[in-house]
$ cat structure.tsv   # TSV, C-alpha atoms
chain	number	residue	atom	x	y	z
W	1	MET	CA	52.91	74.04	34.73
W	2	THR	CA	49.27	73.52	35.67
W	3	THR	CA	48.11	73.46	39.24
W	4	ARG	CA	45.68	70.82	40.50
W	5	PRO	CA	42.37	72.19	41.78
W	6	ASP	CA	41.72	71.95	45.45
W	7	ALA	CA	39.79	68.74	46.17
W	8	HIS	CA	37.58	70.57	48.62
W	9	THR	CA	36.30	73.18	46.21
W	10	GLY	CA	32.99	72.75	44.42
W	11	VAL	CA	30.04	74.48	42.89
W	12	ILE	CA	26.39	74.24	43.93
W	13	HIS	CA	24.04	74.21	40.96
W	14	ASP	CA	20.39	75.16	41.33
W	15	ILE	CA	18.60	72.70	39.02
W	16	GLY	CA	15.11	73.69	40.03
W	17	TYR	CA	14.20	71.14	42.72
W	18	ARG	CA	11.93	72.60	45.35
W	19	PRO	CA	10.76	71.10	48.64
W	20	TYR	CA	7.13	70.10	49.02
W	21	THR	CA	5.23	72.96	50.59
W	22	GLY	CA	1.66	71.68	50.21
W	23	PRO	CA	-0.59	70.22	52.91
W	24	ARG	CA	0.45	66.99	54.61
W	25	LEU	CA	-2.71	64.93	54.86
W	26	GLY	CA	-1.51	62.45	57.47
W	27	ARG	CA	-2.46	58.95	58.56
W	28	ARG	CA	-6.20	59.16	58.06
W	29	TYR	CA	-5.89	60.17	54.42
W	30	ALA	CA	-3.20	57.53	53.77
W	31	THR	CA	-5.35	54.81	55.34
W	32	ARG	CA	-8.44	55.89	53.41
W	33	SER	CA	-6.46	55.95	50.17
W	34	LEU	CA	-5.14	52.44	50.83
W	35	TYR	CA	-8.69	51.26	51.54
W	36	VAL	CA	-10.04	52.71	48.28
W	37	GLN	CA	-7.14	51.35	46.25
W	38	SER	CA	-7.53	47.87	47.81
W	39	LEU	CA	-11.29	47.81	47.24
W	40	ARG	CA	-10.76	48.76	43.60
W	41	ALA	CA	-8.09	46.07	43.28
W	42	ALA	CA	-10.49	43.43	44.63
W	43	TYR	CA	-12.67	44.00	41.57
W	44	GLY	CA	-9.76	44.54	39.17
W	45	LEU	CA	-10.44	48.25	38.74
W	46	GLY	CA	-7.34	50.12	37.68
W	47	ARG	CA	-5.71	46.86	36.58
W	48	SER	CA	-5.62	44.84	33.38
W	49	GLY	CA	-8.80	43.63	31.70
W	50	LYS	CA	-8.29	40.00	32.66
W	51	SER	CA	-8.09	41.01	36.33
W	52	LYS	CA	-11.71	42.16	36.12
W	53	VAL	CA	-13.07	38.95	34.59
W	54	LEU	CA	-13.28	36.68	37.64
W	55	PRO	CA	-14.62	39.17	40.24
W	56	PHE	CA	-17.30	40.54	37.93
W	57	LEU	CA	-18.15	37.05	36.67
W	58	LEU	CA	-18.71	35.92	40.25
W	59	LEU	CA	-20.73	39.06	41.01
W	60	GLY	CA	-22.91	38.34	37.98
W	61	ALA	CA	-23.25	34.66	38.86
W	62	MET	CA	-24.31	35.60	42.39
W	63	THR	CA	-26.92	38.07	41.13
W	64	ALA	CA	-28.31	36.13	38.14
W	65	PRO	CA	-30.39	33.63	40.20
W	66	ALA	CA	-32.08	36.57	41.93
W	67	LEU	CA	-33.10	37.96	38.55
W	68	VAL	CA	-34.46	34.54	37.55
W	69	MET	CA	-36.46	34.32	40.79
W	70	LEU	CA	-37.77	37.81	40.17
W	71	ALA	CA	-39.00	36.80	36.72
W	72	ILE	CA	-40.62	33.62	38.08
W	73	ALA	CA	-42.34	35.49	40.91
W	74	VAL	CA	-43.74	38.17	38.58
W	75	PHE	CA	-44.94	35.93	35.75
W	76	ALA	CA	-46.18	33.06	37.92
W	77	ASN	CA	-48.05	35.39	40.34
W	78	LEU	CA	-46.37	33.83	43.38
W	79	THR	CA	-47.22	35.06	46.86
W	80	LYS	CA	-43.55	35.01	48.00
W	81	MET	CA	-40.08	34.56	46.59
W	82	PRO	CA	-38.99	30.96	45.88
W	83	LEU	CA	-36.03	31.42	48.26
W	84	ASP	CA	-35.75	33.44	51.46
W	85	TYR	CA	-33.08	36.13	51.73
W	86	ALA	CA	-30.95	34.34	54.34
W	87	ASP	CA	-31.34	31.03	52.50
W	88	TYR	CA	-30.11	32.73	49.31
W	89	VAL	CA	-26.82	33.69	50.98
W	90	VAL	CA	-26.26	30.08	52.08
W	91	SER	CA	-27.49	28.40	48.88
W	92	PHE	CA	-25.00	30.28	46.70
W	93	GLY	CA	-22.34	30.58	49.38
W	94	VAL	CA	-19.65	28.85	47.30
W	95	LEU	CA	-19.43	31.90	45.00
W	96	PRO	CA	-18.36	34.36	47.75
W	97	GLN	CA	-15.91	31.69	48.93
W	98	ILE	CA	-14.33	31.52	45.48
W	99	PHE	CA	-14.22	35.33	45.40
W	100	LEU	CA	-12.48	35.35	48.78
W	101	ALA	CA	-9.95	32.72	47.76
W	102	ALA	CA	-9.15	34.52	44.51
W	103	GLN	CA	-9.05	38.13	45.74
W	104	ALA	CA	-7.66	37.98	49.29
W	105	PRO	CA	-4.19	37.08	47.96
W	106	VAL	CA	-4.47	39.98	45.50
W	107	LEU	CA	-4.81	42.36	48.44
W	108	MET	CA	-2.26	40.73	50.77
W	109	SER	CA	0.18	38.37	49.04
W	110	ARG	CA	1.10	40.67	46.17
W	111	ASP	CA	2.54	43.35	48.48
W	112	LEU	CA	4.59	40.70	50.28
W	113	ARG	CA	5.85	39.14	47.07
W	114	HIS	CA	7.06	42.46	45.65
W	115	HIS	CA	8.49	43.59	49.03
W	116	VAL	CA	6.58	46.88	49.01
W	117	VAL	CA	5.02	46.54	52.46
W	118	PRO	CA	7.90	48.43	54.17
W	119	LEU	CA	7.29	51.33	51.79
W	120	TYR	CA	3.79	51.77	53.23
W	121	PHE	CA	5.26	51.95	56.73
W	122	SER	CA	7.74	54.64	55.68
W	123	ARG	CA	4.72	56.94	55.42
W	124	PRO	CA	2.48	58.13	58.28
W	125	ALA	CA	0.34	54.96	58.05
W	126	THR	CA	1.22	52.35	60.68
W	127	ARG	CA	1.05	48.58	60.53
W	128	GLY	CA	-2.30	48.74	62.27
W	129	ASP	CA	-3.58	51.20	59.66
W	130	TYR	CA	-2.41	48.90	56.87
W	131	VAL	CA	-4.19	45.86	58.30
W	132	ALA	CA	-7.33	47.88	59.06
W	133	ALA	CA	-7.49	49.26	55.50
W	134	LYS	CA	-6.98	45.83	53.93
W	135	PHE	CA	-9.56	44.20	56.20
W	136	ALA	CA	-12.12	46.95	55.52
W	137	ALA	CA	-11.53	46.65	51.76
W	138	LEU	CA	-11.91	42.86	51.72
W	139	PHE	CA	-14.97	43.06	53.97
W	140	SER	CA	-16.56	45.70	51.72
W	141	ALA	CA	-15.83	43.70	48.56
W	142	LEU	CA	-17.45	40.60	50.07
W	143	LEU	CA	-20.40	42.62	51.32
W	144	ILE	CA	-21.05	43.91	47.79
W	145	ILE	CA	-21.20	40.42	46.31
W	146	LEU	CA	-23.41	39.17	49.16
W	147	VAL	CA	-25.82	42.11	49.45
W	148	LEU	CA	-26.43	43.00	45.80
W	149	PRO	CA	-28.58	39.90	45.06
W	150	LEU	CA	-30.58	40.53	48.24
W	151	VAL	CA	-31.35	44.05	47.05
W	152	VAL	CA	-32.44	42.62	43.69
W	153	LEU	CA	-34.70	40.10	45.48
W	154	PHE	CA	-36.25	42.86	47.57
W	155	ALA	CA	-36.85	45.01	44.50
W	156	GLY	CA	-38.49	42.01	42.87
W	157	SER	CA	-40.71	41.45	45.88
W	158	GLN	CA	-42.03	44.98	45.54
W	159	LEU	CA	-42.58	44.61	41.80
W	160	ALA	CA	-44.56	41.48	42.55
W	161	LYS	CA	-46.47	43.45	45.23
W	162	PHE	CA	-45.47	41.20	48.12
W	163	PRO	CA	-46.13	42.56	51.65
W	164	LEU	CA	-43.59	45.28	52.41
W	165	GLY	CA	-43.31	44.69	56.15
W	166	ASP	CA	-42.71	40.95	55.91
W	167	ASN	CA	-40.12	41.40	53.19
W	168	LEU	CA	-38.30	44.13	55.11
W	169	THR	CA	-38.10	41.83	58.12
W	170	HIS	CA	-36.71	38.91	56.14
W	171	LEU	CA	-34.38	41.24	54.24
W	172	SER	CA	-32.89	42.25	57.59
W	173	TYR	CA	-32.26	38.56	58.35
W	174	GLY	CA	-30.47	38.20	55.04
W	175	LEU	CA	-28.43	41.37	55.56
W	176	LEU	CA	-27.32	40.17	58.99
W	177	SER	CA	-26.30	36.84	57.47
W	178	ALA	CA	-24.35	38.64	54.74
W	179	LEU	CA	-22.68	40.89	57.31
W	180	LEU	CA	-21.53	37.99	59.50
W	181	HIS	CA	-20.34	35.95	56.51
W	182	ALA	CA	-18.36	38.93	55.21
W	183	LEU	CA	-16.77	39.62	58.60
W	184	LEU	CA	-15.74	36.03	59.20
W	185	TYR	CA	-14.57	35.38	55.66
W	186	ALA	CA	-12.59	38.64	55.46
W	187	ALA	CA	-10.72	37.99	58.72
W	188	LEU	CA	-9.98	34.37	57.86
W	189	GLY	CA	-8.99	35.04	54.25
W	190	MET	CA	-6.81	38.00	55.21
W	191	LEU	CA	-4.87	35.94	57.75
W	192	ILE	CA	-4.25	33.02	55.39
W	193	ALA	CA	-3.25	35.28	52.48
W	194	ALA	CA	-0.88	37.23	54.74
W	195	LEU	CA	1.04	34.06	55.62
W	196	THR	CA	2.42	33.49	52.12
W	197	PRO	CA	3.73	35.79	49.37
W	198	ARG	CA	2.69	33.25	46.72
W	199	ARG	CA	-0.79	33.91	45.41
W	200	GLY	CA	-1.37	30.32	44.28
W	201	PHE	CA	-0.64	28.97	47.75
W	202	GLY	CA	-2.99	31.54	49.27
W	203	VAL	CA	-5.83	30.61	46.91
W	204	ALA	CA	-5.41	26.88	47.60
W	205	ALA	CA	-5.10	27.39	51.37
W	206	ILE	CA	-8.22	29.55	51.68
W	207	MET	CA	-10.39	27.34	49.49
W	208	GLY	CA	-9.02	24.20	51.12
W	209	THR	CA	-9.72	25.51	54.60
W	210	LEU	CA	-13.33	26.38	53.79
W	211	MET	CA	-14.02	23.10	51.97
W	212	ILE	CA	-12.31	20.80	54.49
W	213	THR	CA	-14.01	22.43	57.48
W	214	ALA	CA	-17.40	22.13	55.73
W	215	VAL	CA	-16.85	18.42	55.08
W	216	LEU	CA	-15.70	17.85	58.67
W	217	ALA	CA	-18.80	19.61	59.99
W	218	VAL	CA	-21.16	17.46	57.88
W	219	VAL	CA	-19.37	14.22	58.74
W	220	SER	CA	-19.31	15.06	62.45
W	221	TYR	CA	-22.99	16.04	62.34
W	222	ASN	CA	-23.91	12.67	60.84
W	223	LEU	CA	-21.68	10.74	63.25
W	224	VAL	CA	-23.47	12.19	66.27
W	225	GLY	CA	-26.94	11.40	64.96
W	226	GLY	CA	-27.67	13.95	62.27
W	227	PHE	CA	-28.71	11.19	59.85
W	228	ARG	CA	-31.70	10.23	62.00
W	229	PRO	CA	-35.24	11.25	60.95
W	230	VAL	CA	-35.34	13.50	64.03
W	231	PRO	CA	-31.71	14.43	64.76
W	232	PRO	CA	-30.82	15.29	68.37
W	233	GLN	CA	-30.44	18.98	69.07
W	234	SER	CA	-26.91	18.40	70.38
W	235	ALA	CA	-25.79	17.34	66.90
W	236	GLY	CA	-25.86	20.99	65.91
W	237	TRP	CA	-22.61	21.62	67.81
W	238	ALA	CA	-20.81	20.00	64.87
W	239	PHE	CA	-21.51	23.07	62.73
W	240	LEU	CA	-18.98	25.03	64.80
W	241	LEU	CA	-16.29	23.27	62.76
W	242	SER	CA	-17.20	25.22	59.61
W	243	PRO	CA	-17.13	29.04	59.39
W	244	ALA	CA	-19.92	29.15	56.79
W	245	GLN	CA	-22.18	26.73	58.63
W	246	THR	CA	-21.56	28.44	61.95
W	247	VAL	CA	-23.14	31.61	60.58
W	248	ALA	CA	-25.95	29.71	58.83
W	249	ALA	CA	-26.79	27.74	61.98
W	250	LEU	CA	-26.78	30.92	64.08
W	251	ILE	CA	-29.12	32.83	61.72
W	252	ASN	CA	-31.50	29.87	61.34
W	253	GLN	CA	-31.73	29.41	65.10
W	254	LEU	CA	-32.15	33.10	65.92
W	255	PHE	CA	-34.95	33.71	63.43
W	256	ASP	CA	-36.43	30.22	63.11
W	257	LEU	CA	-35.50	29.90	59.45
W	258	GLY	CA	-34.67	26.99	57.18
W	259	SER	CA	-35.98	23.46	56.90
W	260	PRO	CA	-35.38	20.85	59.62
W	261	ASP	CA	-32.43	19.58	57.55
W	262	ALA	CA	-30.77	22.99	57.52
W	263	PRO	CA	-28.02	23.83	60.04
W	264	HIS	CA	-29.33	25.05	63.40
W	265	ALA	CA	-27.51	26.02	66.55
W	266	PRO	CA	-28.51	23.80	69.49
W	267	GLY	CA	-31.05	25.96	71.31
W	268	GLY	CA	-30.80	29.41	72.82
W	269	PHE	CA	-27.55	28.72	74.66
W	270	GLY	CA	-26.12	27.26	71.47
W	271	ALA	CA	-27.01	30.45	69.61
W	272	LEU	CA	-25.05	32.48	72.18
W	273	VAL	CA	-22.06	30.17	71.80
W	274	PHE	CA	-22.22	30.35	68.00
W	275	ALA	CA	-22.40	34.16	68.12
W	276	ALA	CA	-19.42	34.22	70.49
W	277	ALA	CA	-17.55	31.87	68.16
W	278	VAL	CA	-18.08	34.21	65.19
W	279	VAL	CA	-16.77	37.17	67.21
W	280	ALA	CA	-13.86	35.19	68.67
W	281	VAL	CA	-12.67	33.74	65.36
W	282	THR	CA	-12.93	37.12	63.62
W	283	ALA	CA	-11.01	38.87	66.43
W	284	ALA	CA	-8.38	36.13	66.64
W	285	CYS	CA	-7.71	36.16	62.89
W	286	TYR	CA	-7.45	39.95	62.91
W	287	ALA	CA	-5.06	39.91	65.88
W	288	LEU	CA	-2.88	37.23	64.28
W	289	THR	CA	-2.70	39.26	61.07
W	290	LEU	CA	-1.55	42.29	63.07
W	291	ARG	CA	1.09	40.13	64.71
W	292	ARG	CA	2.20	38.85	61.31
W	293	TYR	CA	2.91	42.40	60.10
W	294	ARG	CA	4.96	43.33	63.14
W	295	ASN	CA	7.78	41.27	61.62
W	296	VAL	CA	7.50	42.64	58.07
$ encode --input "structure.tsv" --output "structure tokens"
Amino acid sequence: MTTRPDAHTGVIHDIGYRPYTGPRLGRRYATRSLYVQSLRAAYGLGRSGKSKVLPFLLLGAMTAPALVMLAIAVFANLTKMPLDYADYVVSFGVLPQIFLAAQAPVLMSRDLRHHVVPLYFSRPATRGDYVAAKFAALFSALLIILVLPLVVLFAGSQLAKFPLGDNLTHLSYGLLSALLHALLYAALGMLIAALTPRRGFGVAAIMGTLMITAVLAVVSYNLVGGFRPVPPQSAGWAFLLSPAQTVAALINQLFDLGSPDAPHAPGGFGALVFAAAVVAVTAACYALTLRRYRNV
């Protein structure tokens, strides 16, 4: 007769697992790693080949006109570049907008769709760290696509032996314009992309928001007298309806740039209001994104 083994007996087997005894790098390292990974993802690095096509195509399309202008300036012996640095950012502004609409959902919506956001928060990084890393990555990616052609233009100005001081001054105007565009676009795009786990909806919502607000700004500007040969200064308030034109109008008014038909903030007080609007919209979008991730 066999006896049944006691149910409470057992054997512990050592199969070689050992606890982690290395350094624990903490929140700062986790946040920095998330920033680097997100910036790489914005340009498709570390992903499939087709993921790299659109971001690098847009980067090339944004830079190519600068190379053409460089060639024209050198071979035609011009005394200045055909387009000013700040005007360049505005003239080809649709390309960074497409980049934003395509890549912001890559950084935000994909984590929501695959339900991996809670995994980030199981580590030392907090919700605030997550949003900060994503915002910094999207801002940096936009800044690259906006600043690179300005650097090419400046290099061309020196090859063509244009005055260094004047070009440095106007380069600073262009860099400030690129900085403000990148800040505003990154905050707005991040918020919209964080509201939906579906990438297609995020792309359509971001591009639709930028296009519709631009049309509303132009229509409103014309309705309040912008179509006149000498439009009233007050008509410039209409440009507050569009994020892109808000920045353009602010830069043009601050540094007396652009043609009379270009967007301008209405006077010195208007420039202060436009600057406050850029800061307020950026801060509000960032705060709303933080609030969105409190419930994730």
$ closest_residue --input "structure.tsv" --among "W:Ala271, W:Val281, W:Ala125, W:Val36" --to "W:Ala248" --atoms "only C-alpha atoms"
W:Ala271
$ closest_atom_pairs --input "structure.tsv" --of "stretch 96-174 of chain W" --to "stretch 204-223 of chain W" --cutoff "8 Å" --atoms "only C-alpha atoms" --output "JSON lines"
{"residue": "W:Gln97", "atom": "CA", "partner": "W:Met207", "partner_atom": "CA", "distance": 7.1}
{"residue": "W:Ile98", "atom": "CA", "partner": "W:Met207", "partner_atom": "CA", "distance": 7.0}
{"residue": "W:Leu100", "atom": "CA", "partner": "W:Ile206", "partner_atom": "CA", "distance": 7.8}
{"residue": "W:Ala101", "atom": "CA", "partner": "W:Ile206", "partner_atom": "CA", "distance": 5.3}
$ residues_around --input "structure.tsv" --residues "W:Cys285" --least-positions-apart "6" --cutoff "6 Å" --atoms "all atoms listed in the file" --output "PyMOL selection string"
chain W and resi 187-188+191
$ atom_distance --input "structure.tsv" --atom1 "atom CA of W:Gly267" --atom2 "atom CA of W:Arg228"
18.3 Å
$ closest_residue --input "structure.tsv" --among "W:Thr169, W:Leu67, W:Ile15, W:Ala141" --to "W:Leu39" --atoms "all atoms listed in the file"
W:Ala141
$ closest_atom_pairs --input "structure.tsv" --of "stretch 178-234 of chain W" --to "stretch 143-161 of chain W" --cutoff "9 Å" --atoms "only C-alpha atoms" --output "tab-separated table"
residue	atom	partner	partner_atom	distance
W:Ala178	CA	W:Leu146	CA	5.7
W:Leu179	CA	W:Leu143	CA	6.6
W:His181	CA	W:Leu143	CA	8.5
W:Ala182	CA	W:Leu143	CA	5.7
W:Leu183	CA	W:Leu143	CA	8.7
$ residues_near_point --input "structure.tsv" --point "(-9.7, 44.2, 38.7)" --cutoff "7 Å" --atoms "only C-alpha atoms" --output "PDB file with C-alpha atoms, keeping the file's coordinate frame"
ATOM      1  CA  ARG W  40     -10.760  48.760  43.600  1.00  0.00           C
ATOM      2  CA  ALA W  41      -8.090  46.070  43.280  1.00  0.00           C
ATOM      3  CA  ALA W  42     -10.490  43.430  44.630  1.00  0.00           C
ATOM      4  CA  TYR W  43     -12.670  44.000  41.570  1.00  0.00           C
ATOM      5  CA  GLY W  44      -9.760  44.540  39.170  1.00  0.00           C
ATOM      6  CA  LEU W  45     -10.440  48.250  38.740  1.00  0.00           C
ATOM      7  CA  GLY W  46      -7.340  50.120  37.680  1.00  0.00           C
ATOM      8  CA  ARG W  47      -5.710  46.860  36.580  1.00  0.00           C
ATOM      9  CA  SER W  48      -5.620  44.840  33.380  1.00  0.00           C
ATOM     10  CA  SER W  51      -8.090  41.010  36.330  1.00  0.00           C
ATOM     11  CA  LYS W  52     -11.710  42.160  36.120  1.00  0.00           C
TER      12      LYS W  52
END
$ build_atoms --input "structure.tsv" --residues "stretch 127-140 of chain W" --atoms "N, CA and C atoms" --output "compact mmCIF listing (two decimals), in the coordinates of the input"
# COMPACT_ATOMS: atom_id res chain seq x y z
N ARG W 127 1.42 49.96 60.84
CA ARG W 127 1.05 48.58 60.53
C ARG W 127 -0.41 48.31 60.84
N GLY W 128 -0.88 48.89 61.93
CA GLY W 128 -2.30 48.74 62.27
C GLY W 128 -3.20 49.38 61.24
N ASP W 129 -2.80 50.54 60.72
CA ASP W 129 -3.58 51.20 59.66
C ASP W 129 -3.61 50.35 58.41
N TYR W 130 -2.49 49.74 58.07
CA TYR W 130 -2.41 48.90 56.87
C TYR W 130 -3.37 47.72 56.98
N VAL W 131 -3.32 47.02 58.11
CA VAL W 131 -4.19 45.86 58.30
C VAL W 131 -5.65 46.28 58.33
N ALA W 132 -5.95 47.40 58.98
CA ALA W 132 -7.33 47.88 59.06
C ALA W 132 -7.87 48.22 57.67
N ALA W 133 -7.04 48.89 56.85
CA ALA W 133 -7.49 49.26 55.50
C ALA W 133 -7.72 48.03 54.64
N LYS W 134 -6.83 47.05 54.72
CA LYS W 134 -6.98 45.83 53.93
C LYS W 134 -8.19 45.03 54.38
N PHE W 135 -8.39 44.94 55.69
CA PHE W 135 -9.56 44.20 56.20
C PHE W 135 -10.85 44.89 55.77
N ALA W 136 -10.91 46.21 55.90
CA ALA W 136 -12.12 46.95 55.52
C ALA W 136 -12.39 46.79 54.03
N ALA W 137 -11.34 46.79 53.21
CA ALA W 137 -11.53 46.65 51.76
C ALA W 137 -12.05 45.26 51.41
N LEU W 138 -11.46 44.22 52.01
CA LEU W 138 -11.91 42.86 51.72
C LEU W 138 -13.33 42.62 52.23
N PHE W 139 -13.62 43.15 53.41
CA PHE W 139 -14.97 43.06 53.97
C PHE W 139 -15.99 43.76 53.07
N SER W 140 -15.65 44.95 52.60
CA SER W 140 -16.56 45.70 51.72
C SER W 140 -16.78 44.98 50.40
